[in-house]
Structure formats: structure tokens, C-alpha cells
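Some notes on the structure that comes next.
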Amino acid sequence: MNPYVKLAIVLIIYLALGWKIILTALRNIKNGDFFDENFLMVVATVGALCIGEYEEAILVLLLYRIGEFLQDKAVDKSRKSISDLMDIRPDYANVEKDGQWVQVDPDEVAVGTVILVKPGERVPLDGTVLEGSSRLDTAALTGESLPVNVSEGSEVQSGTINLDGMLKIQTTAVSEESTAARILDLVENAAASRANSEKFITKFARWYTPIVCGLALLLAVIPPLFFHGVWSDWIYRALSFLVVSCPCALVISIPLGFFGGIGGASAKGILIKGGNYLEALSKADTMAFDKTGTLTRGVFKVIAVHPEGISEAQLLEYATLAESFSNHPIARSLADEYGKRVDKSRVKDSKEILGQGISAVVDGRLVSCGSHKYMHTLDLHHDDCHIPGTNVHVAIDGVYAGHIVISDQIKEDAPAALAELKELGLKRLVMLTGDKEGVAADVAKTLTDLTEYHAELLPQDKVEITKKLMAEAEPGRKVAFVGDGINDAPVLVAADLGIAMGGMGSAAAVEAADIVLMNDKPSDISLAVRIARKTMRIVKQNIWFSIGVKVVVLILSALGYSNMILASFADTGVCLLAILNSMRALRIK
Amino acid sequence: MRKSFKVNGIDCANCAAKLERNLAKIKGVESVAVVFATSKLIIEAPDDKFDAIMDEAVAVAKKLEPDWEIVR
């Protein structure tokens, strides 16, 4: 074939494949960006044309285009999977207008409006049920597959799905203050707090391209000038460098991996506020737990009634009535145990002695209930109970009448969760509590995987101990604190990693914590650790795999053992594999 | 004030990083992140200058790549 005809055909194919890349490269040069991948690809392929490597120039360009196409597909798919996972945004709310129910944008619904949620519809706004009863699917918020029963007076959260009955709901928040919007906001903003490995990649990417291009230039020029190298041979090797000079594999796959982990976790009701916290969690080897509400249910229950001189029923009745004006958890647990209607008209002169107890006149008799300290101030002798728990001592008309033992219950999955954390290699599992030594010891006896506990702590003591744990942790290891967010916000902030349990309820806790667990289950803590470790594993695989393959191809190219086609695979092929690997972070067992 | 915006037309991770670098250069911007995975821009700036800064951000995006559009 006439060489000019051949060149003309090659140029036509080249332009057909590459016009878009050339245009983009030109625009980027205008903006002063010379290390743009499009520009480098143009230089590499035009260079190949100049030294007569027509087939390679075209093939590299073709591979680049195919690679780009597949990358776009993979990225689109992963972006879509992530947004599907977070598809909890309600589309509309049914409000009544002129006697008709009409659909409106949830953003337009004011607090206090009555809305109608039909079976199969998503609850659009937080509110209280006015009418109707149903079951709600909360899986989108909590990952919990068991439906929740709701009826008149129940609080409902936006993002849950109504399964059975019609519900009339009075809204308690505007759209953007509702649970679904707050969760989305938290997860979407999470990507802005980057992990160290992500920051490293951004820095690496900024230096990698200029360095590889610089090396390519040296490779093209120095051997022919000073060591009698053949120009076309060394230029060819340099052009291979340019083909692998784009760090795309890393720049795309690493953030995608982190976001996959964060998105996957959010689908399980574990909200992680950033890649940096995911990274910290994977490195945690010490975990401190608040007791009440975290390891225990935080619901108090009467477990023993020990009367002296009167019957059990009488003791319980007097204590319940005396405490009936208090809203302390103890008073509530007494009322629960009593079970009958509490007739407050029988109670007069109820007085609360702060931190000690209550005195009141019940049926004309003076009843004093409270701690052992309170009994001492009344100068009464009493027995200490052998059953661990909170003792409520009762005196009637100045005579000791016995005591009632109230105790919290350990959450069902707490032992399994601690065992799993231990298995995952966490070294210290510490329980912190403001409760009495005896109560703490009793809980620790059941939760055998706890390595230590500290009792009778004030909130500031918890901060002190957490700081001490951080000082004692091995370098590079992290200390996490798990609490229910009620009055432990300072500890959540002080720890390397604050984990708040129990959902979006307490705004202070959500603000202070780095990770928010929507469920009350301790087993979600170990699940979060597993997700964090898996994500970090994937991220590290991608970093080492991408950099490793590129370095090997660079060395082979420099030595003349590689070619531009292989370099092309090392570039786009590796990128594709890294993206696919990142997608694994989304899938959580 | 910290706000997030949707960005249309960001189709490569390098582009997201490039936009982020250039937005960070705008005077008054306290922190900025362009998240490729969600096509979101998260920007923090003083309340009184926020709108002016956003005007500039939209212009910067347009100049870098005509396809990029910050949805306000």
C-alpha cells in the first residue's frame, strides 16, 4: 500500500476514535492543566504515530475508549446502588384540603398538620399517631426486618413504611428536621470527612502524574543522547510511561470504597459520619461502654419485695402511692409492678428529698421511701439486701417496714456482642457506670467478656477514665466509647471515637457522636467494626494492587520488556478491577 | 454556614478532585468537598459572604468544564 494512503487511513480512524479526547485536552491546556489524562493520552498516541507505530497508536486509543466506557458503566452502577440504599426520602404527603386528601410535597407541610398515610406508603414526616393502628417496616432506617406495632399516641419516624392500616398522623417536625432527612444529610456529608488513606491518595495522585511524565521525558532523551540509544526505541518506552501515568484507578476506587462502606452500614442502621471514623473504628482495640441503656435495657423492674411486719402487697402499695407524684424511673417501675390504678387522692404532702428519697402521707400514715442514706438520716435501722440492685427502703410512721429491690436487665445480645468484639481482637472491653459497685459487679458477672469495670462514676470521671484508656492504648490504636447519649455527650466527644446508641432521638448525642446506631442492639457495635475492617481491607487492596501493577509495568517498560498495549491494560484494566473490588464494600452480611 | 449542593455533569473522579481544588482557592471558603460518589458539593463559608461565594463557585465550575452545573 502507498505509505501516504496508509497514513491517511490511520489518521481518519485515529480522529474518529479520538476527537473528543483531543478537544477536552485542548480545553484543559487553555485552563493551564497539562497533566490531564486526556492530554497525556493524546501525547502518547500522537507520539506513537510519529515513530510509525500506527497499529499501537490506534489500539491504545481504542482500549482507552473501551476502558472509559466500562468504567462509566461500573461507576454509574455503583453510584446507583449507593443511592438505592439511601432511598428513604419520601416523595409526598397526603393532607386534607377542602374535605379531600391531596398529595403535596413534604417540604410544604407545617408542624402540627394532620397527614394520612395509607398502607404501602412511606411515612413522609415525623409525628404522633392520632388515629388508627398498623405495623411499620423500619428496615430502611434501622436494617431491622421485624415490623414495629404502632397505635394511637405512638411516635412514628419519616422513612418508615406503613404496612397494614390507615394512619392519621399529626406531624411534629418539618421535612428537613424529620428523621429521614437528618439521616440522609448525615450520610451524604460523611464523604466530606476523609480518611487518612483517602487524603494520601489525593496527594499521591497530584504528584504521581508529573513525576511519571518527568521520568518519561528523561527516558526518551538521556539514553539516546548520552549512551548511543536508538531514538525510536527509547521514545517508544517513554510513551508507554505516559499511558500508565494516570492515577485514575486510585482516585476513583478509594473514595468509592469508603462510600460503599458508609452506605452499606447506613442500610443496617449504622450511621458513620466520615471515612476518617470508619478508619478509626477499624483500628479500635479498646472499647468503653456506658452501662445503663447501652449494655442494659435501661428499664427498671422490681425483682424482689422484702417486707418487715406487713405483707408484700401492702409494702408495694404504700411505696407506689408515696412515689406516685415522682417521675423518676424507680417510681414508674413500682407503678408497673403494682399494676392497679394508682389513686393519687389517697396521697398528701408528697416531698422529694433530692438524691435520697420521698416522704408522703398515705391514708393518714407517714411513708418514707428512699436510699439507705435516707434511712440513716431518719435514724432507722435496716437490713441490706443480698440481691444486687437498687434498694428502696420503706418506713411507715417511723418504723422500718422493709425494702423493694429494683434492677435493670442486661440486653439479650450484649454477651454475644462482647464475645464477638473479643474475637475480633479488641483487647480491652471496659464498662463505665454511675451505679453502685454491687450493681456493676453483678452485671460484670454475667458479661464475662468485659475485661474491667469502673463503678460509682460521675460524668466527669467517665471522661477521665476514657482519657486514661487513650493514653494507655498502643500507638496507632484507637479508643471508642459507646453510650446512649443521655448525659454522656462529653465522653462521646473526648474519646477517639464516640458511638451513640438509640437513634436520632437525642440531638446532642447525634451532634457529639462520630457514629450513630439507630438500633439499641449492642451487636450492631461488632457489626460496625466488621464493616470498618472490611472496607479498610478493600481500600488497602486497591491501593497496593493499583500502585503495584503500575510500578511493575513502568519498570518493564523502562527495560523494554513491555509494550503500549500492556501499559494500556495496566491503566484501564486495573481501574476497572479496583472499582469492582470497591463495590464489595457495599455488600454486608 | 455549611450547605450541600448537587453538581451535574461530574463524570470522573479526577474531575471532582479538580473542581474541589479550584473551589478551595476561592477567597472566604472555609472548607469544601466535592464528592464523586454522590455528585454533591459540600461547602462551608461565612454566612454574610455565602451567596457571593456561591456565585463565584458556579462561575469557576462553568469555566473549568462547560458541562458542570452546580444546582442551587
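Every chain in the C-alpha cells takes a letter, A first, then B, and so on in the order presented; its residues are numbered from 1, and the ligands are numbered from 1 following the presented order.
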Self-check item: Exercise answer, chain B residues close to chain A, 10 Å and only C-alpha atoms, as an MDAnalysis selection string
Solution: chainID B and resid 3:4 11:18 31:43 63:65
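Here the strand (DSSP E or B) residues in chain B, by DSSP on the backbone, are Arg2, Lys3, Ser4, Phe5, Lys6, Val7, Asn8, Ser31, Val32, Ala33, Val34, Val35, Lys40, Leu41, Ile42, Ile43, Glu44, Glu69, Ile70 and Val71 of chain B.
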Practice problem: Name the residues of region 222-424 of chain A that come out as helix (DSSP H, G or I) in a backbone DSSP run; write them as a PyMOL selection string. | Solution: chain A and resi 222-226+231-243+248-267+275-282+291-295+312-322+329-338+344-346+372-377+414-423
Self-check item: Residue nearest Asn563 (chain A) among A:Lys97, A:Arg237, A:Lys73, A:Lys344 (counting only C-alpha atoms)
Solution: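 Selected residue with least distance to Asn563 (chain A): A:Arg237.
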Quiz item: Got a sec: who's within 8 Å of region 51-66 of chain A, counting only C-alpha atoms, leaving out chain neighbours fewer than 3 positions off, as a PyMOL selection string?
Solution: chain A and resi 10+13-14+17-18+41+44-48+69-70+232+236+564-565+568-569+572
Quiz item: What lies within 12 Å of Thr448 (chain A) using only C-alpha atoms, ignoring chain neighbours under 2 positions off, as a list in words?
Solution: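 My list of contacting residues is Ala414, Pro415, Ala416, Ala417, Leu418, Ala419, Lys422, Leu429, Val430, Met431, Ala441, Asp442, Val443, Ala444, Lys445, Thr446, Leu450, Thr451, Glu452 and Tyr453 of chain A.
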Next, dump the selected residues to file, keeping only N, CA and C atoms, as a PDB file, in the first residue's frame.
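Result written to part_21.pdb:
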```
ATOM      1  N   ALA A 414     -26.181  -8.587  74.406  1.00  0.00           N
ATOM      2  CA  ALA A 414     -24.952  -7.980  74.936  1.00  0.00           C
ATOM      3  C   ALA A 414     -23.822  -9.010  75.113  1.00  0.00           C
ATOM      4  N   PRO A 415     -24.100 -10.197  75.716  1.00  0.00           N
ATOM      5  CA  PRO A 415     -22.996 -11.147  75.880  1.00  0.00           C
ATOM      6  C   PRO A 415     -22.391 -11.565  74.542  1.00  0.00           C
ATOM      7  N   ALA A 416     -23.247 -11.834  73.540  1.00  0.00           N
ATOM      8  CA  ALA A 416     -22.758 -12.268  72.234  1.00  0.00           C
ATOM      9  C   ALA A 416     -21.949 -11.165  71.555  1.00  0.00           C
ATOM     10  N   ALA A 417     -22.424  -9.915  71.707  1.00  0.00           N
ATOM     11  CA  ALA A 417     -21.731  -8.788  71.074  1.00  0.00           C
ATOM     12  C   ALA A 417     -20.329  -8.630  71.651  1.00  0.00           C
ATOM     13  N   LEU A 418     -20.221  -8.724  72.987  1.00  0.00           N
ATOM     14  CA  LEU A 418     -18.906  -8.581  73.619  1.00  0.00           C
ATOM     15  C   LEU A 418     -17.991  -9.728  73.208  1.00  0.00           C
ATOM     16  N   ALA A 419     -18.570 -10.941  73.130  1.00  0.00           N
ATOM     17  CA  ALA A 419     -17.770 -12.101  72.735  1.00  0.00           C
ATOM     18  C   ALA A 419     -17.223 -11.898  71.320  1.00  0.00           C
ATOM     19  N   LYS A 422     -14.389  -9.426  71.262  1.00  0.00           N
ATOM     20  CA  LYS A 422     -13.178 -10.060  71.776  1.00  0.00           C
ATOM     21  C   LYS A 422     -12.551 -10.904  70.668  1.00  0.00           C
ATOM     22  N   LEU A 429     -12.238  -4.332  76.990  1.00  0.00           N
ATOM     23  CA  LEU A 429     -13.654  -4.002  76.931  1.00  0.00           C
ATOM     24  C   LEU A 429     -14.052  -3.555  78.327  1.00  0.00           C
ATOM     25  N   VAL A 430     -14.322  -2.264  78.463  1.00  0.00           N
ATOM     26  CA  VAL A 430     -14.471  -1.654  79.782  1.00  0.00           C
ATOM     27  C   VAL A 430     -15.903  -1.169  79.974  1.00  0.00           C
ATOM     28  N   MET A 431     -16.463  -1.434  81.166  1.00  0.00           N
ATOM     29  CA  MET A 431     -17.788  -0.893  81.460  1.00  0.00           C
ATOM     30  C   MET A 431     -17.651   0.274  82.433  1.00  0.00           C
ATOM     31  N   ALA A 441     -20.856  -4.938  89.613  1.00  0.00           N
ATOM     32  CA  ALA A 441     -20.221  -6.251  89.760  1.00  0.00           C
ATOM     33  C   ALA A 441     -21.157  -7.345  89.276  1.00  0.00           C
ATOM     34  N   ASP A 442     -22.444  -7.167  89.573  1.00  0.00           N
ATOM     35  CA  ASP A 442     -23.421  -8.172  89.161  1.00  0.00           C
ATOM     36  C   ASP A 442     -23.523  -8.252  87.638  1.00  0.00           C
ATOM     37  N   VAL A 443     -23.558  -7.091  86.980  1.00  0.00           N
ATOM     38  CA  VAL A 443     -23.623  -7.073  85.513  1.00  0.00           C
ATOM     39  C   VAL A 443     -22.350  -7.685  84.933  1.00  0.00           C
ATOM     40  N   ALA A 444     -21.203  -7.322  85.527  1.00  0.00           N
ATOM     41  CA  ALA A 444     -19.926  -7.824  85.027  1.00  0.00           C
ATOM     42  C   ALA A 444     -19.827  -9.344  85.174  1.00  0.00           C
ATOM     43  N   LYS A 445     -20.534  -9.877  86.180  1.00  0.00           N
ATOM     44  CA  LYS A 445     -20.507 -11.323  86.398  1.00  0.00           C
ATOM     45  C   LYS A 445     -21.183 -12.046  85.231  1.00  0.00           C
ATOM     46  N   THR A 446     -22.227 -11.437  84.669  1.00  0.00           N
ATOM     47  CA  THR A 446     -22.910 -12.032  83.522  1.00  0.00           C
ATOM     48  C   THR A 446     -22.148 -11.789  82.231  1.00  0.00           C
ATOM     49  N   LEU A 450     -16.203  -8.718  79.499  1.00  0.00           N
ATOM     50  CA  LEU A 450     -15.691  -7.417  79.923  1.00  0.00           C
ATOM     51  C   LEU A 450     -14.350  -7.656  80.594  1.00  0.00           C
ATOM     52  N   THR A 451     -13.341  -6.817  80.269  1.00  0.00           N
ATOM     53  CA  THR A 451     -12.049  -7.026  80.906  1.00  0.00           C
ATOM     54  C   THR A 451     -11.942  -6.243  82.210  1.00  0.00           C
ATOM     55  N   GLU A 452     -12.764  -5.196  82.363  1.00  0.00           N
ATOM     56  CA  GLU A 452     -12.746  -4.438  83.613  1.00  0.00           C
ATOM     57  C   GLU A 452     -13.999  -3.574  83.707  1.00  0.00           C
ATOM     58  N   TYR A 453     -14.284  -3.082  84.923  1.00  0.00           N
ATOM     59  CA  TYR A 453     -15.378  -2.128  85.049  1.00  0.00           C
ATOM     60  C   TYR A 453     -15.046  -1.094  86.111  1.00  0.00           C
TER      61      TYR A 453
END
```
Quiz item: Within 12 Å of Lys478 (chain A), counting only C-alpha atoms, which residues qualify if same-chain residues fewer than 6 places away don't, as a list in words?
Solution: Asn276, Tyr277, Leu278, Glu279, Ala280, Leu281, Ser282, Lys283, Ala284, Asp285, Thr286, Met287, Ala288, Leu426, Lys427, Arg428, Thr466, Lys467, Leu469, Met470, Ala471, Glu472, Ala495, Asp496, Leu497 and Gly498 of chain A
Quiz item: What lies within 10 Å of region 500-513 of chain A using only C-alpha atoms, ignoring chain neighbours under 3 positions off, as a PyMOL selection string?
Solution: chain A and resi 141-142+157+178-180+182-183+186+269-273+293-294+481-495+497+516-522+524-525
Self-check item: Test item: residues at most 12 Å from Ala45 (chain B), only C-alpha atoms, excluding those fewer than 2 positions along its chain, as a PyMOL selection string
Solution: chain B and resi 1-4+23-24+26-32+42-43+47-54+57
With C-alpha atoms retained, could you export that selection as a PDB file, in the first residue's frame?
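Once everything was written out, this is part02.pdb:
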```pdb
ATOM      1  CA  MET B   1     -22.827  28.107  57.191  1.00  0.00           C
ATOM      2  CA  ARG B   2     -22.372  24.697  55.689  1.00  0.00           C
ATOM      3  CA  LYS B   3     -24.545  23.612  52.800  1.00  0.00           C
ATOM      4  CA  SER B   4     -24.599  20.910  50.206  1.00  0.00           C
ATOM      5  CA  LEU B  23     -13.176  25.889  44.614  1.00  0.00           C
ATOM      6  CA  ALA B  24     -10.857  25.777  47.626  1.00  0.00           C
ATOM      7  CA  ILE B  26     -11.984  30.993  46.264  1.00  0.00           C
ATOM      8  CA  LYS B  27     -11.401  33.601  48.971  1.00  0.00           C
ATOM      9  CA  GLY B  28     -13.562  33.088  52.060  1.00  0.00           C
ATOM     10  CA  VAL B  29     -14.239  29.367  51.574  1.00  0.00           C
ATOM     11  CA  GLU B  30     -13.637  27.645  54.917  1.00  0.00           C
ATOM     12  CA  SER B  31     -13.925  24.065  53.730  1.00  0.00           C
ATOM     13  CA  VAL B  32     -15.057  22.382  50.568  1.00  0.00           C
ATOM     14  CA  ILE B  42     -20.375  20.409  50.437  1.00  0.00           C
ATOM     15  CA  ILE B  43     -19.167  23.912  51.113  1.00  0.00           C
ATOM     16  CA  ASP B  47     -22.999  33.460  56.316  1.00  0.00           C
ATOM     17  CA  ASP B  48     -22.697  37.060  55.102  1.00  0.00           C
ATOM     18  CA  LYS B  49     -20.487  36.166  52.133  1.00  0.00           C
ATOM     19  CA  PHE B  50     -22.143  32.852  51.309  1.00  0.00           C
ATOM     20  CA  ASP B  51     -24.176  33.955  48.300  1.00  0.00           C
ATOM     21  CA  ALA B  52     -21.313  35.874  46.733  1.00  0.00           C
ATOM     22  CA  ILE B  53     -19.023  32.877  47.194  1.00  0.00           C
ATOM     23  CA  MET B  54     -21.593  30.570  45.626  1.00  0.00           C
ATOM     24  CA  ALA B  57     -18.209  28.819  42.672  1.00  0.00           C
TER      25      ALA B  57
END
```
Quiz prompt | Minimum-distance residue to Ile70 (chain B), chosen among B:Pro46, B:Leu19, B:Gly9, B:Val58 (using only C-alpha atoms) | solution = B:Val58
Quiz item: So what do you get for CA of Arg21 (chain B) versus CA of Lys199 (chain A), distance-wise?
Solution: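 CA of Arg21 (chain B) sits 12.8 Å away from CA of Lys199 (chain A).
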Exercise. For CA of Ser151 (chain A) and CA of Thr128 (chain A), determine how far apart the two atoms are, in Å to one decimal place.
Key: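 About the pair CA of Ser151 (chain A) and CA of Thr128 (chain A): they are 9.2 Å apart.
Between CA of Arg122 (chain A) and CA of Ser158 (chain A) the interatomic distance comes to 7.3 Å.
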